[in-house]
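Printed here is run31.csv (CSV, C-alpha atoms):
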```csv
chain,number,residue,atom,x,y,z
A,1460,MET,CA,24.3,-41.9,-1.8
A,1461,ALA,CA,23.0,-38.9,0.2
A,1462,ASP,CA,24.8,-36.6,-2.2
A,1463,ILE,CA,23.2,-38.2,-5.2
A,1464,ILE,CA,19.7,-37.8,-3.7
A,1465,GLU,CA,20.5,-34.2,-2.7
A,1466,ASP,CA,21.6,-33.4,-6.3
A,1467,GLU,CA,18.5,-35.0,-7.7
A,1468,MET,CA,16.2,-33.1,-5.4
A,1469,LYS,CA,17.9,-29.7,-5.8
A,1470,HIS,CA,15.6,-28.6,-8.6
A,1471,CYS,CA,12.6,-29.0,-6.2
A,1472,TYR,CA,14.0,-26.2,-4.0
A,1473,GLU,CA,15.1,-23.7,-6.7
A,1474,ASN,CA,12.0,-21.7,-6.4
A,1475,LEU,CA,11.3,-22.3,-2.7
A,1476,ILE,CA,10.2,-19.3,-0.8
A,1477,VAL,CA,10.1,-19.7,3.0
A,1478,VAL,CA,7.4,-17.6,4.7
A,1479,ASP,CA,6.8,-17.4,8.4
A,1480,VAL,CA,3.1,-16.9,8.5
A,1481,GLY,CA,2.6,-16.5,12.2
A,1482,ALA,CA,5.4,-14.4,13.7
A,1483,ASN,CA,4.1,-12.6,16.8
A,1484,LEU,CA,6.6,-9.8,16.4
A,1485,THR,CA,4.2,-7.3,18.0
A,1486,ASN,CA,5.0,-8.9,21.4
A,1487,LYS,CA,6.8,-6.5,23.7
A,1488,LYS,CA,9.6,-9.0,24.3
A,1489,TYR,CA,10.9,-8.3,20.8
A,1490,ILE,CA,11.1,-4.5,21.0
A,1491,ARG,CA,14.8,-4.4,22.0
A,1492,ASP,CA,16.2,-6.9,19.5
A,1493,LEU,CA,13.7,-6.9,16.6
A,1494,ASP,CA,16.4,-6.2,14.1
A,1495,SER,CA,18.4,-9.3,15.2
A,1496,VAL,CA,15.3,-11.5,15.3
A,1497,ILE,CA,14.6,-10.6,11.7
A,1498,GLN,CA,18.2,-11.0,10.7
A,1499,ARG,CA,18.3,-14.5,12.3
A,1500,ALA,CA,15.2,-15.4,10.4
A,1501,LYS,CA,16.7,-14.2,7.1
A,1502,ASP,CA,20.0,-16.0,7.9
A,1503,SER,CA,17.9,-19.2,8.4
A,1504,GLY,CA,16.3,-18.8,4.9
A,1505,VAL,CA,13.1,-17.1,5.8
A,1506,GLN,CA,12.3,-14.6,3.1
A,1507,LYS,CA,9.0,-13.2,4.1
A,1508,ILE,CA,7.4,-12.8,7.5
A,1509,MET,CA,3.7,-12.3,8.2
A,1510,VAL,CA,2.8,-10.6,11.4
A,1511,PRO,CA,-0.8,-11.2,12.5
A,1512,GLY,CA,-2.8,-8.6,14.2
A,1513,THR,CA,-5.3,-9.9,16.7
A,1514,SER,CA,-6.8,-6.7,17.9
A,1515,VAL,CA,-7.1,-3.1,16.5
A,1516,LYS,CA,-4.0,-2.2,18.5
A,1517,SER,CA,-1.9,-5.2,17.4
A,1518,SER,CA,-3.1,-4.8,13.8
A,1519,LYS,CA,-1.9,-1.2,13.8
A,1520,GLU,CA,1.5,-2.3,15.3
A,1521,ALA,CA,1.8,-5.1,12.7
A,1522,LEU,CA,1.2,-2.6,9.9
A,1523,ARG,CA,3.8,-0.2,11.4
A,1524,LEU,CA,6.3,-3.0,11.3
A,1525,THR,CA,5.6,-3.5,7.5
A,1526,ARG,CA,6.7,0.0,6.9
A,1527,ILE,CA,9.9,-0.4,8.9
A,1528,TYR,CA,10.8,-3.6,7.2
A,1529,PRO,CA,9.3,-3.3,3.7
A,1530,GLY,CA,9.4,-6.3,1.4
A,1531,ILE,CA,10.2,-8.6,4.4
A,1532,ILE,CA,7.3,-8.1,6.9
A,1533,TYR,CA,3.7,-8.2,5.8
A,1534,SER,CA,0.8,-7.8,8.2
A,1535,THR,CA,-2.7,-9.1,8.7
A,1536,ALA,CA,-5.5,-7.2,10.4
A,1537,GLY,CA,-7.7,-9.3,12.7
A,1538,ILE,CA,-9.9,-9.2,15.7
A,1539,HIS,CA,-9.5,-12.4,17.5
A,1540,PRO,CA,-12.7,-13.9,18.9
A,1541,HIS,CA,-11.4,-13.3,22.4
A,1542,ASP,CA,-11.1,-9.6,21.6
A,1543,SER,CA,-14.5,-9.2,19.9
A,1544,LYS,CA,-16.1,-7.4,22.8
A,1545,SER,CA,-13.6,-4.6,22.4
A,1546,ILE,CA,-15.3,-3.5,19.2
A,1547,ILE,CA,-18.7,-3.5,20.9
A,1548,GLU,CA,-17.3,-1.6,23.9
A,1549,GLU,CA,-15.6,1.0,21.6
A,1550,PRO,CA,-17.5,1.1,18.3
A,1551,SER,CA,-15.3,3.9,16.9
A,1552,THR,CA,-12.4,1.5,16.7
A,1553,TRP,CA,-14.1,-0.4,13.9
A,1554,HIS,CA,-13.3,2.5,11.5
A,1555,ASP,CA,-9.6,2.4,12.6
A,1556,PHE,CA,-9.7,-1.3,11.9
A,1557,GLU,CA,-11.1,-0.8,8.4
A,1558,VAL,CA,-8.3,1.7,7.6
A,1559,ILE,CA,-5.6,-0.7,8.8
A,1560,ALA,CA,-7.1,-3.6,6.9
A,1561,GLY,CA,-7.3,-1.5,3.7
A,1562,ALA,CA,-3.5,-0.8,3.6
A,1563,PRO,CA,-1.7,-2.5,0.8
A,1564,GLU,CA,0.9,-4.0,3.2
A,1565,CYS,CA,-2.0,-5.8,5.0
A,1566,VAL,CA,-2.3,-9.0,3.1
A,1567,ALA,CA,-5.2,-10.7,4.9
A,1568,ILE,CA,-8.0,-10.3,7.4
A,1569,GLY,CA,-7.6,-12.4,10.5
A,1570,PRO,CA,-7.2,-14.3,12.6
A,1571,CYS,CA,-11.0,-14.0,13.0
A,1572,GLY,CA,-13.6,-16.5,13.8
A,1573,LEU,CA,-15.2,-18.1,16.8
A,1574,ASP,CA,-13.7,-19.6,20.0
A,1575,TYR,CA,-16.2,-21.1,22.4
A,1576,GLN,CA,-13.7,-22.8,24.6
A,1577,ARG,CA,-13.0,-19.7,26.6
A,1578,ASP,CA,-15.4,-17.1,27.7
A,1579,PHE,CA,-13.7,-13.8,26.9
A,1580,SER,CA,-16.4,-12.6,24.5
A,1581,GLU,CA,-20.0,-13.8,24.3
A,1582,PRO,CA,-20.8,-16.1,21.3
A,1583,CYS,CA,-23.3,-13.6,19.8
A,1584,THR,CA,-20.6,-10.9,19.9
A,1585,GLN,CA,-18.0,-13.2,18.4
A,1586,LYS,CA,-20.4,-14.0,15.5
A,1587,ASP,CA,-21.2,-10.4,14.8
A,1588,ILE,CA,-17.5,-9.4,14.7
A,1589,PHE,CA,-16.6,-12.5,12.6
A,1590,GLU,CA,-19.3,-11.6,10.1
A,1591,ARG,CA,-18.2,-8.0,9.9
A,1592,GLN,CA,-14.6,-9.1,9.2
A,1593,LEU,CA,-15.8,-11.5,6.5
A,1594,ARG,CA,-17.7,-8.8,4.8
A,1595,LEU,CA,-14.7,-6.5,5.0
A,1596,ALA,CA,-12.4,-9.2,3.6
A,1597,CYS,CA,-14.8,-9.6,0.7
A,1598,SER,CA,-15.0,-5.9,0.0
A,1599,LEU,CA,-11.2,-5.6,0.1
A,1600,GLN,CA,-10.8,-8.8,-1.8
A,1601,LYS,CA,-8.3,-10.1,0.8
A,1602,PRO,CA,-8.0,-13.7,2.1
A,1603,ILE,CA,-9.1,-14.6,5.6
A,1604,LEU,CA,-7.3,-16.4,8.4
A,1605,ILE,CA,-9.9,-18.3,10.4
A,1606,HIS,CA,-9.5,-19.2,14.1
A,1607,GLU,CA,-12.0,-21.8,15.4
A,1608,ARG,CA,-12.1,-23.6,18.7
A,1609,SER,CA,-15.1,-25.7,19.8
A,1610,ALA,CA,-17.3,-23.7,17.3
A,1611,GLN,CA,-17.0,-25.6,14.0
A,1612,GLU,CA,-20.7,-25.8,13.2
A,1613,ASP,CA,-21.3,-22.1,13.7
A,1614,VAL,CA,-18.2,-21.2,11.7
A,1615,LEU,CA,-19.3,-23.3,8.8
A,1616,GLU,CA,-22.8,-21.9,9.0
A,1617,ILE,CA,-21.5,-18.3,8.9
A,1618,LEU,CA,-19.2,-19.1,6.0
A,1619,SER,CA,-22.0,-20.7,4.0
A,1620,LYS,CA,-23.9,-17.4,4.1
```

Could you spell out this file's structure in structure tokens?
Amino acid sequence: MADIIEDEMKHCYENLIVVDVGANLTNKKYIRDLDSVIQRAKDSGVQKIMVPGTSVKSSKEALRLTRIYPGIIYSTAGIHPHDSKSIIEEPSTWHDFEVIAGAPECVAIGPCGLDYQRDFSEPCTQKDIFERQLRLACSLQKPILIHERSAQEDVLEILSK
């Protein structure tokens, strides 16, 4: 019976592409065995891997990985709400972020958004950086990955603009 169902369902999976959309491969613990991590993912049927950048530094590293593993790894460029204050503290890094985000291997902007549950960056700073990332995504015509925690109303208000 299971064989019959499997044969009947086979056509549903013919064009299936498995994409890991949140592989934190910029984490230092993967430095030594990144090749084997990627190979295990491929052996398991994963065909594409999206590595999110959550700061200027990690976005740059994610982009670097796309160039080492072309056609397999794609990156996003984001400034996580917790890291928003870093752009205010070092304004020159915004230009670096724009360059990273504009690379063709960078497929989306984010994670970006608002997180009021923890107090790593002030809400007004988070809003400013979130809005900047939204404008950048629009100008680059790239999708966004939104992070929201305890800030739904403000996220929706900003998006409605």

(message) I'd like to know which of A:Ala1500, A:Thr1535, A:Ile1490, A:Glu1520 is closest to Pro1602 of chain A, using all atoms listed in the file.
(response)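 Checking each candidate against Pro1602 of chain A, we get A:Thr1535 as the closest.
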
(message) One decimal, in Å: what's the spacing between atom CA of Glu1616 of chain A and atom CA of Val1480 of chain A?
(response)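 Atom CA of Glu1616 of chain A sits 26.4 Å away from atom CA of Val1480 of chain A.
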
(message) Residues within 12 Å of (-20.2, -3.1, 19.8), file coordinates, counting only C-alpha atoms: what are they? Give the list as a ChimeraX atom specification.
(response) /A:1542-1553,1580-1581,1583-1588,1591

(request) Using all atoms listed in the file, find the one residue out of A:His1541, A:Arg1523, A:Lys1516, A:Arg1491 that sits nearest to Gln1576 of chain A. (result) A:His1541

I want to know what sits within 12 Å of Ala1567 of chain A, based on only C-alpha atoms, with residues of the same chain fewer than 5 positions away left out; could you give that as an mmCIF file with C-alpha atoms, in the frame of the given file?
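Final file, out_1.cif:
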```cif
data_model
loop_
_atom_site.group_PDB
_atom_site.id
_atom_site.type_symbol
_atom_site.label_atom_id
_atom_site.label_comp_id
_atom_site.auth_asym_id
_atom_site.auth_seq_id
_atom_site.Cartn_x
_atom_site.Cartn_y
_atom_site.Cartn_z
ATOM 1 C CA VAL A 1480 3.100 -16.900 8.500
ATOM 2 C CA MET A 1509 3.700 -12.300 8.200
ATOM 3 C CA VAL A 1510 2.800 -10.600 11.400
ATOM 4 C CA PRO A 1511 -0.800 -11.200 12.500
ATOM 5 C CA GLY A 1512 -2.800 -8.600 14.200
ATOM 6 C CA THR A 1513 -5.300 -9.900 16.700
ATOM 7 C CA SER A 1518 -3.100 -4.800 13.800
ATOM 8 C CA ALA A 1521 1.800 -5.100 12.700
ATOM 9 C CA LEU A 1522 1.200 -2.600 9.900
ATOM 10 C CA TYR A 1533 3.700 -8.200 5.800
ATOM 11 C CA SER A 1534 0.800 -7.800 8.200
ATOM 12 C CA THR A 1535 -2.700 -9.100 8.700
ATOM 13 C CA ALA A 1536 -5.500 -7.200 10.400
ATOM 14 C CA GLY A 1537 -7.700 -9.300 12.700
ATOM 15 C CA ILE A 1538 -9.900 -9.200 15.700
ATOM 16 C CA ILE A 1559 -5.600 -0.700 8.800
ATOM 17 C CA ALA A 1560 -7.100 -3.600 6.900
ATOM 18 C CA GLY A 1561 -7.300 -1.500 3.700
ATOM 19 C CA ALA A 1562 -3.500 -0.800 3.600
ATOM 20 C CA GLN A 1592 -14.600 -9.100 9.200
ATOM 21 C CA LEU A 1593 -15.800 -11.500 6.500
ATOM 22 C CA LEU A 1595 -14.700 -6.500 5.000
ATOM 23 C CA ALA A 1596 -12.400 -9.200 3.600
ATOM 24 C CA CYS A 1597 -14.800 -9.600 0.700
ATOM 25 C CA SER A 1598 -15.000 -5.900 0.000
ATOM 26 C CA LEU A 1599 -11.200 -5.600 0.100
ATOM 27 C CA GLN A 1600 -10.800 -8.800 -1.800
ATOM 28 C CA LYS A 1601 -8.300 -10.100 0.800
ATOM 29 C CA PRO A 1602 -8.000 -13.700 2.100
ATOM 30 C CA ILE A 1603 -9.100 -14.600 5.600
ATOM 31 C CA LEU A 1604 -7.300 -16.400 8.400
ATOM 32 C CA ILE A 1605 -9.900 -18.300 10.400
#
```

(message) For a quick check of understanding, using all atoms listed in the file, which of A:Cys1571, A:Asn1483, A:Asp1502, A:Ser1495 has the smallest distance to His1606 of chain A?
(response)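 Among the listed residues, A:Cys1571 lies closest to His1606 of chain A.
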
(message) Measuring between only C-alpha atoms, which one of A:Asp1494, A:Glu1557, A:Glu1590, A:Asp1479 shows the shortest distance to Ser1514 of chain A?
(response)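 Residue with the minimum atom-to-atom distance to Ser1514 of chain A: A:Glu1557.
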
(message) Please compute the atom CA of Leu1475 of chain A-atom CA of Ser1503 of chain A distance, one decimal, in Å.
(response)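 Distance reported for this atom pair: 13.3 Å.
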
(request) In Å, rounded to a single decimal, give me how far atom CA of Leu1484 of chain A is from atom CA of Cys1565 of chain A. (result) 14.8 Å

(request) Point out the residue among A:Val1614, A:Val1478, A:Val1515, A:Val1505 with the least atom-to-atom distance to Asp1555 of chain A, counting only C-alpha atoms. (result)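 Going through A:Val1614, A:Val1478, A:Val1515, A:Val1505 one by one, the smallest distance to Asp1555 of chain A is for A:Val1515.
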